[in-house]
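Next comes target.pdb, a file with PDB, C-alpha atoms.
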ATOM      1  CA  MET A 254     -31.022 204.796 113.370
ATOM      2  CA  THR A 255     -32.809 204.981 110.021
ATOM      3  CA  MET A 256     -36.328 203.673 109.764
ATOM      4  CA  GLY A 257     -37.672 202.443 106.420
ATOM      5  CA  THR A 258     -41.203 202.975 105.281
ATOM      6  CA  VAL A 259     -43.661 200.174 104.815
ATOM      7  CA  THR A 260     -46.697 200.456 102.586
ATOM      8  CA  ALA A 261     -49.677 198.426 103.747
ATOM      9  CA  PHE A 262     -52.341 197.337 101.314
ATOM     10  CA  ALA A 263     -55.817 196.151 102.219
ATOM     11  CA  ALA A 264     -56.307 192.457 101.684
ATOM     12  CA  SER A 265     -57.889 191.546  98.379
ATOM     13  CA  PRO A 266     -61.399 190.155  98.584
ATOM     14  CA  THR A 267     -61.937 186.493  97.913
ATOM     15  CA  VAL A 268     -64.655 185.246  95.601
ATOM     16  CA  GLY A 269     -67.572 184.160  97.732
ATOM     17  CA  THR A 270     -70.594 182.090  96.875
ATOM     18  CA  ALA A 271     -73.871 183.510  95.650
ATOM     19  CA  GLU A 272     -76.476 183.187  98.365
ATOM     20  CA  ALA A 273     -80.231 182.649  98.056
ATOM     21  CA  PRO A 274     -82.452 185.739  98.117
ATOM     22  CA  VAL A 275     -84.476 186.613 101.197
ATOM     23  CA  ALA A 276     -87.585 184.439 101.561
ATOM     24  CA  THR A 277     -90.025 187.255 100.684
ATOM     25  CA  GLN A 278     -88.367 188.059  97.360
ATOM     26  CA  LYS A 279     -90.131 186.734  94.271
ATOM     27  CA  ALA A 280     -88.438 188.730  91.482
ATOM     28  CA  ALA A 281     -85.770 187.014  89.393
ATOM     29  CA  THR A 282     -82.359 188.707  89.453
ATOM     30  CA  SER A 283     -79.097 188.556  87.528
ATOM     31  CA  VAL A 284     -75.747 190.310  87.285
ATOM     32  CA  ALA A 285     -74.610 191.206  83.761
ATOM     33  CA  ALA A 286     -71.249 189.923  82.571
ATOM     34  CA  THR A 287     -68.261 191.819  83.864
ATOM     35  CA  ALA A 288     -65.358 193.409  82.007
ATOM     36  CA  THR A 289     -61.636 193.055  82.621
ATOM     37  CA  PRO A 290     -59.766 195.161  85.169
ATOM     38  CA  ALA A 291     -57.972 196.944  82.298
ATOM     39  CA  ASP A 292     -61.302 197.792  80.631
ATOM     40  CA  TYR A 293     -62.673 199.217  83.877
ATOM     41  CA  VAL A 294     -59.603 201.455  84.324
ATOM     42  CA  LYS A 295     -59.999 202.774  80.760
ATOM     43  CA  ALA A 296     -63.694 203.501  81.385
ATOM     44  CA  THR A 297     -63.261 205.270  84.740
ATOM     45  CA  THR A 298     -61.820 208.656  85.624
ATOM     46  CA  VAL A 299     -62.081 210.337  88.996
ATOM     47  CA  SER A 300     -62.241 213.877  90.286
ATOM     48  CA  GLU A 301     -59.116 215.947  90.836
ATOM     49  CA  GLY A 302     -56.985 214.819  93.764
ATOM     50  CA  PHE A 303     -57.762 211.129  93.298
ATOM     51  CA  THR A 304     -56.171 208.397  91.210
ATOM     52  CA  VAL A 305     -57.582 205.219  89.733
ATOM     53  CA  SER A 306     -55.760 201.933  89.133
ATOM     54  CA  ALA A 307     -56.623 198.390  88.134
ATOM     55  CA  VAL A 308     -57.756 195.753  90.585
ATOM     56  CA  GLU A 309     -57.005 192.056  90.331
ATOM     57  CA  ASP A 310     -59.314 189.832  88.289
ATOM     58  CA  THR A 311     -60.383 188.087  91.515
ATOM     59  CA  THR A 312     -61.634 191.419  92.858
ATOM     60  CA  VAL A 313     -63.882 191.845  89.801
ATOM     61  CA  LYS A 314     -65.305 188.352  90.360
ATOM     62  CA  ALA A 315     -65.743 189.013  94.087
ATOM     63  CA  ALA A 316     -67.577 192.270  93.301
ATOM     64  CA  ALA A 317     -69.998 190.435  90.988
ATOM     65  CA  VAL A 318     -70.886 187.961  93.738
ATOM     66  CA  GLU A 319     -71.287 190.824  96.217
ATOM     67  CA  VAL A 320     -73.640 192.674  93.845
ATOM     68  CA  GLN A 321     -75.826 189.562  93.854
ATOM     69  CA  ASN A 322     -75.626 188.979  97.598
ATOM     70  CA  ALA A 323     -75.728 192.542  98.963
ATOM     71  CA  LEU A 324     -77.938 194.233  96.374
ATOM     72  CA  LEU A 325     -80.036 191.836  94.309
ATOM     73  CA  ASN A 326     -80.882 189.299  97.008
ATOM     74  CA  ASP A 327     -82.933 191.805  99.009
ATOM     75  CA  LEU A 328     -84.468 194.213  96.510
ATOM     76  CA  ALA A 329     -86.985 195.607  98.997
ATOM     77  CA  THR A 330     -84.305 196.744 101.442
ATOM     78  CA  VAL A 331     -81.891 197.962  98.750
ATOM     79  CA  GLY A 332     -84.650 199.788  96.853
ATOM     80  CA  THR A 333     -85.616 201.603 100.048
ATOM     81  CA  LYS A 334     -81.982 202.393 100.922
ATOM     82  CA  LEU A 335     -81.305 203.764  97.423
ATOM     83  CA  GLY A 336     -84.610 205.658  97.278
ATOM     84  CA  ASN A 337     -86.079 203.622  94.404
ATOM     85  CA  LYS A 338     -89.701 202.666  95.190
ATOM     86  CA  ASP A 339     -90.093 200.703  91.938
ATOM     87  CA  LEU A 340     -87.115 198.517  92.798
ATOM     88  CA  ALA A 341     -88.468 197.917  96.297
ATOM     89  CA  ALA A 342     -91.909 197.039  94.888
ATOM     90  CA  ALA A 343     -90.427 194.642  92.302
ATOM     91  CA  ALA A 344     -89.143 192.394  95.076
ATOM     92  CA  THR A 345     -92.501 190.723  95.670
ATOM     93  CA  ASP A 346     -93.556 190.420  92.019
ATOM     94  CA  SER A 347     -92.703 187.040  90.479
ATOM     95  CA  ASN A 348     -93.212 188.548  86.998
ATOM     96  CA  LYS A 349     -90.363 191.041  87.502
ATOM     97  CA  LYS A 350     -86.795 190.495  86.372
ATOM     98  CA  VAL A 351     -84.156 192.803  87.829
ATOM     99  CA  SER A 352     -80.610 192.900  86.545
ATOM    100  CA  ALA A 353     -77.555 194.843  87.626
ATOM    101  CA  SER A 354     -74.658 195.922  85.450
ATOM    102  CA  ILE A 355     -71.229 196.463  86.939
ATOM    103  CA  LEU A 356     -69.921 199.631  85.327
ATOM    104  CA  SER A 357     -66.577 199.845  87.113
ATOM    105  CA  VAL A 358     -64.374 197.957  89.558
ATOM    106  CA  VAL A 359     -61.209 199.937  90.321
ATOM    107  CA  ASN A 360     -58.899 200.992  93.111
ATOM    108  CA  ILE A 361     -59.385 204.655  93.993
ATOM    109  CA  ASP A 362     -56.825 206.471  96.114
ATOM    110  CA  ALA A 363     -56.484 210.033  97.362
ATOM    111  CA  SER A 364     -53.332 211.543  95.896
ATOM    112  CA  THR A 365     -53.763 215.193  96.855
ATOM    113  CA  ALA A 366     -57.428 215.286  97.902
ATOM    114  CA  ALA A 367     -58.268 216.459 101.404
ATOM    115  CA  LYS A 368     -61.004 215.226 103.695
ATOM    116  CA  ASP A 369     -64.201 217.243 103.971
ATOM    117  CA  ALA A 370     -65.257 218.843 107.258
ATOM    118  CA  ASP A 371     -67.230 215.651 108.038
ATOM    119  CA  GLY A 372     -64.036 213.552 107.906
ATOM    120  CA  ASN A 373     -64.875 211.920 104.578
ATOM    121  CA  TYR A 374     -63.604 212.351 101.045
ATOM    122  CA  THR A 375     -66.022 213.304  98.271
ATOM    123  CA  VAL A 376     -65.222 211.390  95.086
ATOM    124  CA  THR A 377     -66.780 211.798  91.667
ATOM    125  CA  ALA A 378     -66.299 208.824  89.353
ATOM    126  CA  ASN A 379     -66.870 209.528  85.660
ATOM    127  CA  ILE A 380     -68.190 206.445  83.888
ATOM    128  CA  ALA A 381     -69.818 206.678  80.456
ATOM    129  CA  GLY A 382     -72.425 203.986  81.195
ATOM    130  CA  ILE A 383     -74.256 206.047  83.825
ATOM    131  CA  ALA A 384     -77.450 207.784  82.735
ATOM    132  CA  ALA A 385     -79.200 210.522  84.694
ATOM    133  CA  GLY A 386     -81.871 208.896  86.848
ATOM    134  CA  ASP A 387     -80.125 205.503  87.060
ATOM    135  CA  THR A 388     -80.263 203.717  90.382
ATOM    136  CA  ILE A 389     -76.588 203.457  91.314
ATOM    137  CA  ALA A 390     -74.940 201.794  94.293
ATOM    138  CA  VAL A 391     -71.250 201.945  95.128
ATOM    139  CA  LEU A 392     -69.631 198.967  96.817
ATOM    140  CA  HIS A 393     -66.404 199.540  98.747
ATOM    141  CA  TYR A 394     -64.144 196.742  99.947
ATOM    142  CA  THR A 395     -62.938 197.781 103.410
ATOM    143  CA  GLY A 396     -60.237 195.141 103.706
ATOM    144  CA  SER A 397     -62.498 192.617 105.394
ATOM    145  CA  ALA A 398     -65.974 193.119 103.903
ATOM    146  CA  TRP A 399     -67.904 194.985 101.225
ATOM    147  CA  GLU A 400     -69.987 197.995 102.290
ATOM    148  CA  THR A 401     -72.766 199.597 100.263
ATOM    149  CA  ILE A 402     -72.441 203.353  99.788
ATOM    150  CA  VAL A 403     -75.443 205.413  98.714
ATOM    151  CA  PRO A 404     -74.275 208.059  96.223
ATOM    152  CA  THR A 405     -74.758 211.718  97.064
ATOM    153  CA  SER A 406     -75.590 212.399  93.396
ATOM    154  CA  VAL A 407     -75.962 210.643  90.060
ATOM    155  CA  ALA A 408     -75.746 212.511  86.754
ATOM    156  CA  ALA A 409     -75.237 211.502  83.143
ATOM    157  CA  GLY A 410     -71.758 209.984  83.068
ATOM    158  CA  SER A 411     -70.930 210.375  86.762
ATOM    159  CA  VAL A 412     -71.622 209.306  90.323
ATOM    160  CA  THR A 413     -70.520 211.213  93.432
ATOM    161  CA  PHE A 414     -70.121 209.539  96.814
ATOM    162  CA  LYS A 415     -68.424 209.987 100.184
ATOM    163  CA  THR A 416     -65.911 207.594 101.720
ATOM    164  CA  ALA A 417     -63.637 207.599 104.723
ATOM    165  CA  SER A 418     -61.128 205.153 103.273
ATOM    166  CA  PHE A 419     -59.858 203.725 100.010
ATOM    167  CA  SER A 420     -59.502 200.322  98.403
ATOM    168  CA  PRO A 421     -61.463 198.682  95.604
ATOM    169  CA  PHE A 422     -64.763 200.270  94.612
ATOM    170  CA  ALA A 423     -67.437 198.796  92.370
ATOM    171  CA  VAL A 424     -70.166 200.903  90.725
TER
END
When written as structure tokens, how does the structure in this file appear?
Amino acid sequence: MTMGTVTAFAASPTVGTAEAPVATQKAATSVAATATPADYVKATTVSEGFTVSAVEDTTVKAAAVEVQNALLNDLATVGTKLGNKDLAAAATDSNKKVSASILSVVNIDASTAAKDADGNYTVTANIAGIAAGDTIAVLHYTGSAWETIVPTSVAAGSVTFKTASFSPFAV
């Protein structure tokens, strides 16, 4: 008996609704306009052993809402998690305006890359819009929810992070 192979893909995220910030947050926040999936693929390369491909337009829109909800709506917690004291302090200042720019939303897959000893993959995404010292967060869609990944390093033009699985990523 011959068995065929079936490729399973993680479900695409749906576009949620922007939620209100936590009650203690006073800073105004915004997410900069996003690019097209094709533009993000052109702007993003990944380290050897990984491939990058375009996501659906809905995934880009879903990522923008998630940036607002998971990152900008609780600046104090996110600033602490990402190690940025200024961002954490801005949360309670009504004179502060904090914006986020989405630099990339792409599918990343391991083609020949192997897992590290800790069971994760180490991925470096090369994106021209990253400056050394930028506060960068990576969002990963797990198939049912977005998770926030703290990068292991940020350098001019690149961000390195660890992940156990693959699907859409937003930087």
Would you kindly translate the PyMOL selection byres ((chain A and resi 399-416) around 6) into the concrete residues it picks from this file, as a VMD selection string?
chain A and resid 373 to 381 383 to 385 390 to 394 398 417 to 418
Could the residues in this selection be written to a file with C-alpha atoms, as an mmCIF file, in the frame of the given file?
data_model
loop_
_atom_site.group_PDB
_atom_site.id
_atom_site.type_symbol
_atom_site.label_atom_id
_atom_site.label_comp_id
_atom_site.auth_asym_id
_atom_site.auth_seq_id
_atom_site.Cartn_x
_atom_site.Cartn_y
_atom_site.Cartn_z
ATOM 1 C CA ASN A 373 -64.875 211.920 104.578
ATOM 2 C CA TYR A 374 -63.604 212.351 101.045
ATOM 3 C CA THR A 375 -66.022 213.304 98.271
ATOM 4 C CA VAL A 376 -65.222 211.390 95.086
ATOM 5 C CA THR A 377 -66.780 211.798 91.667
ATOM 6 C CA ALA A 378 -66.299 208.824 89.353
ATOM 7 C CA ASN A 379 -66.870 209.528 85.660
ATOM 8 C CA ILE A 380 -68.190 206.445 83.888
ATOM 9 C CA ALA A 381 -69.818 206.678 80.456
ATOM 10 C CA ILE A 383 -74.256 206.047 83.825
ATOM 11 C CA ALA A 384 -77.450 207.784 82.735
ATOM 12 C CA ALA A 385 -79.200 210.522 84.694
ATOM 13 C CA ALA A 390 -74.940 201.794 94.293
ATOM 14 C CA VAL A 391 -71.250 201.945 95.128
ATOM 15 C CA LEU A 392 -69.631 198.967 96.817
ATOM 16 C CA HIS A 393 -66.404 199.540 98.747
ATOM 17 C CA TYR A 394 -64.144 196.742 99.947
ATOM 18 C CA ALA A 398 -65.974 193.119 103.903
ATOM 19 C CA ALA A 417 -63.637 207.599 104.723
ATOM 20 C CA SER A 418 -61.128 205.153 103.273
#
If you measure from CA of Ala329 (chain A) to CA of Thr282 (chain A), what distance in Å do you get, rounded to one decimal?
12.7 Å
Running the PyMOL selection byres ((chain A and resi 305) around 7) on this model by hand, what would come out? Give it as a ChimeraX atom specification.
/A:294,298-299,303-304,306,359-362
Can you list what the PyMOL selection byres ((chain A and resi 308-322) around 7) grabs from this structure, as a PDB file with C-alpha atoms, keeping the file's coordinate frame?
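What landed in part26.pdb:
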ATOM      1  CA  SER A 265     -57.889 191.546  98.379  1.00  0.00           C
ATOM      2  CA  PRO A 266     -61.399 190.155  98.584  1.00  0.00           C
ATOM      3  CA  THR A 267     -61.937 186.493  97.913  1.00  0.00           C
ATOM      4  CA  VAL A 268     -64.655 185.246  95.601  1.00  0.00           C
ATOM      5  CA  GLY A 269     -67.572 184.160  97.732  1.00  0.00           C
ATOM      6  CA  THR A 270     -70.594 182.090  96.875  1.00  0.00           C
ATOM      7  CA  ALA A 271     -73.871 183.510  95.650  1.00  0.00           C
ATOM      8  CA  GLU A 272     -76.476 183.187  98.365  1.00  0.00           C
ATOM      9  CA  VAL A 284     -75.747 190.310  87.285  1.00  0.00           C
ATOM     10  CA  THR A 289     -61.636 193.055  82.621  1.00  0.00           C
ATOM     11  CA  PRO A 290     -59.766 195.161  85.169  1.00  0.00           C
ATOM     12  CA  SER A 306     -55.760 201.933  89.133  1.00  0.00           C
ATOM     13  CA  ALA A 307     -56.623 198.390  88.134  1.00  0.00           C
ATOM     14  CA  ALA A 323     -75.728 192.542  98.963  1.00  0.00           C
ATOM     15  CA  LEU A 324     -77.938 194.233  96.374  1.00  0.00           C
ATOM     16  CA  LEU A 325     -80.036 191.836  94.309  1.00  0.00           C
ATOM     17  CA  ASN A 326     -80.882 189.299  97.008  1.00  0.00           C
ATOM     18  CA  VAL A 358     -64.374 197.957  89.558  1.00  0.00           C
ATOM     19  CA  VAL A 359     -61.209 199.937  90.321  1.00  0.00           C
ATOM     20  CA  ASN A 360     -58.899 200.992  93.111  1.00  0.00           C
ATOM     21  CA  PRO A 421     -61.463 198.682  95.604  1.00  0.00           C
ATOM     22  CA  ALA A 423     -67.437 198.796  92.370  1.00  0.00           C
TER      23      ALA A 423
END
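Each of A:Tyr293, A:Ala288, A:Thr388, A:Lys279 was compared to Lys338 (chain A) using only C-alpha atoms, and A:Thr388 turns out to be the nearest.
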Could region 343-360 of chain A be completed with N, CA and C atoms and returned as a CSV table (one decimal), in the frame of the given file?
chain,number,residue,atom,x,y,z
A,343,ALA,N,-90.7,195.8,93.2
A,343,ALA,CA,-90.4,194.6,92.3
A,343,ALA,C,-90.1,193.4,93.1
A,344,ALA,N,-89.6,193.5,94.3
A,344,ALA,CA,-89.1,192.4,95.1
A,344,ALA,C,-90.2,191.3,95.2
A,345,THR,N,-91.4,191.7,95.4
A,345,THR,CA,-92.5,190.7,95.7
A,345,THR,C,-93.3,190.3,94.4
A,346,ASP,N,-92.8,190.7,93.3
A,346,ASP,CA,-93.6,190.4,92.0
A,346,ASP,C,-92.8,189.3,91.2
A,347,SER,N,-93.4,188.2,91.2
A,347,SER,CA,-92.7,187.0,90.5
A,347,SER,C,-92.6,187.2,89.0
A,348,ASN,N,-93.3,188.2,88.4
A,348,ASN,CA,-93.2,188.5,87.0
A,348,ASN,C,-92.1,189.5,86.7
A,349,LYS,N,-91.4,190.1,87.7
A,349,LYS,CA,-90.4,191.0,87.5
A,349,LYS,C,-89.0,190.4,87.4
A,350,LYS,N,-88.2,190.9,86.5
A,350,LYS,CA,-86.8,190.5,86.4
A,350,LYS,C,-85.9,191.7,86.6
A,351,VAL,N,-85.0,191.7,87.5
A,351,VAL,CA,-84.2,192.8,87.8
A,351,VAL,C,-82.7,192.4,87.6
A,352,SER,N,-82.0,193.2,86.8
A,352,SER,CA,-80.6,192.9,86.5
A,352,SER,C,-79.8,194.1,86.9
A,353,ALA,N,-78.5,193.8,87.3
A,353,ALA,CA,-77.6,194.8,87.6
A,353,ALA,C,-76.4,194.7,86.7
A,354,SER,N,-75.9,195.9,86.3
A,354,SER,CA,-74.7,195.9,85.4
A,354,SER,C,-73.5,196.5,86.3
A,355,ILE,N,-72.4,195.9,86.3
A,355,ILE,CA,-71.2,196.5,86.9
A,355,ILE,C,-70.5,197.4,85.9
A,356,LEU,N,-70.5,198.6,86.2
A,356,LEU,CA,-69.9,199.6,85.3
A,356,LEU,C,-68.4,199.9,85.6
A,357,SER,N,-68.0,199.6,86.8
A,357,SER,CA,-66.6,199.8,87.1
A,357,SER,C,-66.2,199.1,88.4
A,358,VAL,N,-65.0,198.5,88.4
A,358,VAL,CA,-64.4,198.0,89.6
A,358,VAL,C,-62.9,198.4,89.5
A,359,VAL,N,-62.6,199.4,90.4
A,359,VAL,CA,-61.2,199.9,90.3
A,359,VAL,C,-60.7,200.3,91.7
A,360,ASN,N,-59.5,200.4,91.9
A,360,ASN,CA,-58.9,201.0,93.1
A,360,ASN,C,-58.9,202.5,93.0
